[in-house]
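Enquirer: Okay, here's the structure, questions in a sec.
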Number of protein chains: 2
Amino acid sequence: MAAMDLLGRRGALRVVWELREGRVLTFRALQSAAELPPGTLNTRLGELRAAGVVAAEEGYRLTPRGSDLIGALWPLLRWSEDWANALGN
Amino acid sequence: MAAMDLLGRRGALRVVWELREGRVLTFRALQSAAELPPGTLNTRLGELRAAGVVAAEEGYRLTPRGSDLIGALWPLLRWSEDWANALGN
DNA sequence: AACAATGCTACAAAAAATGAAGCAATTCTT
DNA sequence: AAGAATTGCTTCATTTTTTGTAGCATTGTT
C-alpha cells in the first residue's frame, strides 16, 4: 500500500480528517483542530498538497481526491469506535 | 478518531497490512515484509498487541479484531491504488 | 495609526527511527 | 551429538522527526 507512507506520518490522517465534509480551515484553525505544532502541520500540508489531497484555496480544504479519501476512511472510523468501546470496558 | 494515534505511528498500518488474510509471519519475516528495523518493529508490535490487534502465537498474526481492521482498510487500499495510478501518469 | 488575525519560519530540546551488530535460545542437519 | 542455521529480540550510536515556544511579516479592521 503506497498510501501508507503518506498517511502513516504523524498527524497526516488527522489533518485529512479535520477537513472532512467540505470544511475549510485556516492554518491556525487546522493547527488547533489537529493538535499539531506549526512546523509539523506545515510539513504535513506540504506532503498532502503534493499528493493532491489537500488544496490551499481561501484556507485549506480537501481536493476531490481528498474527499474520496474521506469516503474510504469511514469504515476505519467505525472500526475505531468499536475498538475504543471495547477497550473502554 | 482515537485509532489514529495507534495507526498513525510509523509502520503500524503496514504491519497490520502484512498480516492480512490470515498470514502468520515470524518476527524476521515481518521485519522484511514491513521494512522496519527490529527496534521499531518491536515497539509497534508491543502497541498493536496491547491494542488487541495482533497476537503472538506460533508467529505473529492478527486477532479477530485485527481481521476486522483489515476489512475496514480495503476501501483505503482501493483509494491508494487509484491515487498511485493518478500520480504515476 | 494601532490592533488583531493570518501564514508561516526559527530554534533548541526531546523523542523516535534507523542500521548494524550481536547474543541467547531453539530448531534443523548431518 | 556436534555444527550450522534460524529465531526473537537487545544494544548502541547516529540521524531524522517532532515538539513547543517565540516571533516576524503581511493583510484586514477600526
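By convention here, the chains of the C-alpha cells are called A, B, ... in the order presented, each chain's residues are numbered starting at 1, and ligands are numbered starting at 1 in the order presented.
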Need to verify the contact set: DA14 in chain C, 12 Å, only C-alpha atoms (C1' of nucleotides), exclusion of same-chain residues closer than 3 positions in sequence. Can you return it as an MDAnalysis selection string?

Expert: chainID D and resid 17:20

Enquirer: I need the chosen residues saved as a PDB file, in the first residue's frame, with C-alpha atoms (C1' of nucleotides).

Expert:
```
ATOM      1  C1'  DT D  17      11.250  13.895  13.330  1.00  0.00           C
ATOM      2  C1'  DT D  18       8.519  16.078  16.413  1.00  0.00           C
ATOM      3  C1'  DT D  19       7.537  19.400  19.915  1.00  0.00           C
ATOM      4  C1'  DG D  20       6.727  23.864  21.871  1.00  0.00           C
TER       5       DG D  20
END
```

Enquirer: Please produce, as a tab-separated table, a per-residue contact table for chain A versus chain D (criterion: any atom at most 9 Å away, only C-alpha atoms (C1' of nucleotides) considered), showing the nearest atom pair and its distance in Å to one decimal, sorted by chain then residue number.

Expert:
```
residue	atom	partner	partner_atom	distance
A:Arg10	CA	D:DT18	C1'	8.5
A:Leu36	CA	D:DT19	C1'	8.7
A:Pro37	CA	D:DT19	C1'	6.8
A:Gly39	CA	D:DT18	C1'	8.7
A:Thr40	CA	D:DT18	C1'	7.0
```

Enquirer: Tell me, which residues of chain B carry DSSP helix (DSSP H, G or I), written as a PyMOL selection string?

Expert: chain B and resi 3-7+12-18+27-34+38-50+64-87

Enquirer: With C-alpha atoms retained, could you export that selection as a tab-separated table (two decimals), in the first residue's frame?

Expert:
```tsv
chain	number	residue	atom	x	y	z
B	3	ALA	CA	-7.38	4.80	16.38
B	4	MET	CA	-5.39	7.48	14.60
B	5	ASP	CA	-2.93	7.60	17.44
B	6	LEU	CA	-2.31	3.90	17.23
B	7	LEU	CA	-2.33	3.58	13.47
B	12	ALA	CA	1.76	0.44	12.23
B	13	LEU	CA	-0.68	0.21	9.33
B	14	ARG	CA	1.96	-1.53	7.34
B	15	VAL	CA	2.46	-4.25	9.93
B	16	VAL	CA	-1.26	-4.90	10.11
B	17	TRP	CA	-1.40	-4.95	6.37
B	18	GLU	CA	1.34	-7.53	6.04
B	27	PHE	CA	9.45	-11.60	13.62
B	28	ARG	CA	12.11	-11.56	10.96
B	29	ALA	CA	9.71	-12.20	8.12
B	30	LEU	CA	7.55	-9.34	9.33
B	31	GLN	CA	10.62	-7.21	9.59
B	32	SER	CA	11.49	-7.64	5.99
B	33	ALA	CA	7.89	-7.50	4.78
B	34	ALA	CA	7.14	-4.28	6.59
B	38	PRO	CA	13.87	-4.58	14.66
B	39	GLY	CA	13.61	-1.94	17.32
B	40	THR	CA	10.77	-0.12	15.62
B	41	LEU	CA	9.01	-3.33	14.75
B	42	ASN	CA	9.24	-4.48	18.30
B	43	THR	CA	7.80	-1.23	19.59
B	44	ARG	CA	4.98	-1.35	17.07
B	45	LEU	CA	4.20	-4.97	17.88
B	46	GLY	CA	4.02	-4.10	21.54
B	47	GLU	CA	1.47	-1.38	20.84
B	48	LEU	CA	-0.56	-3.50	18.45
B	49	ARG	CA	-0.63	-6.38	20.87
B	50	ALA	CA	-1.66	-4.09	23.69
B	64	PRO	CA	-10.25	-11.25	15.20
B	65	ARG	CA	-10.24	-7.54	15.91
B	66	GLY	CA	-7.24	-7.22	13.68
B	67	SER	CA	-9.12	-9.00	10.91
B	68	ASP	CA	-11.96	-6.55	11.31
B	69	LEU	CA	-9.46	-3.78	10.89
B	70	ILE	CA	-8.25	-5.27	7.64
B	71	GLY	CA	-11.85	-5.30	6.49
B	72	ALA	CA	-12.05	-1.62	7.24
B	73	LEU	CA	-8.86	-0.99	5.30
B	74	TRP	CA	-9.97	-2.32	1.94
B	75	PRO	CA	-11.59	0.91	0.81
B	76	LEU	CA	-8.41	2.69	1.76
B	77	LEU	CA	-6.46	0.22	-0.33
B	78	ARG	CA	-8.63	0.90	-3.32
B	79	TRP	CA	-8.19	4.62	-2.86
B	80	SER	CA	-4.49	4.08	-2.52
B	81	GLU	CA	-4.31	2.27	-5.82
B	82	ASP	CA	-6.28	4.94	-7.65
B	83	TRP	CA	-4.06	7.55	-6.12
B	84	ALA	CA	-0.89	5.75	-7.11
B	85	ASN	CA	-2.17	5.36	-10.66
B	86	ALA	CA	-3.09	9.02	-10.89
B	87	LEU	CA	0.32	10.11	-9.71
```

Enquirer: Can I get the residues of chain C within 10 Å of chain B, each with the closest pair of atoms and their distance in Å to one decimal, using only C-alpha atoms (C1' of nucleotides), sorted chain first then ascending number, as a tab-separated table?

Expert:
```
residue	atom	partner	partner_atom	distance
C:DA16	C1'	B:Thr40	CA	8.9
C:DA17	C1'	B:Thr40	CA	6.8
C:DT18	C1'	B:Pro37	CA	6.7
C:DG19	C1'	B:Pro37	CA	7.3
```

Enquirer: Which residues come within 12 Å of Glu57 in chain B, counting only C-alpha atoms (C1' of nucleotides), excluding same-chain residues fewer than 2 positions away, as a PyMOL selection string?

Expert: chain B and resi 23-27+49+54-55+59-63
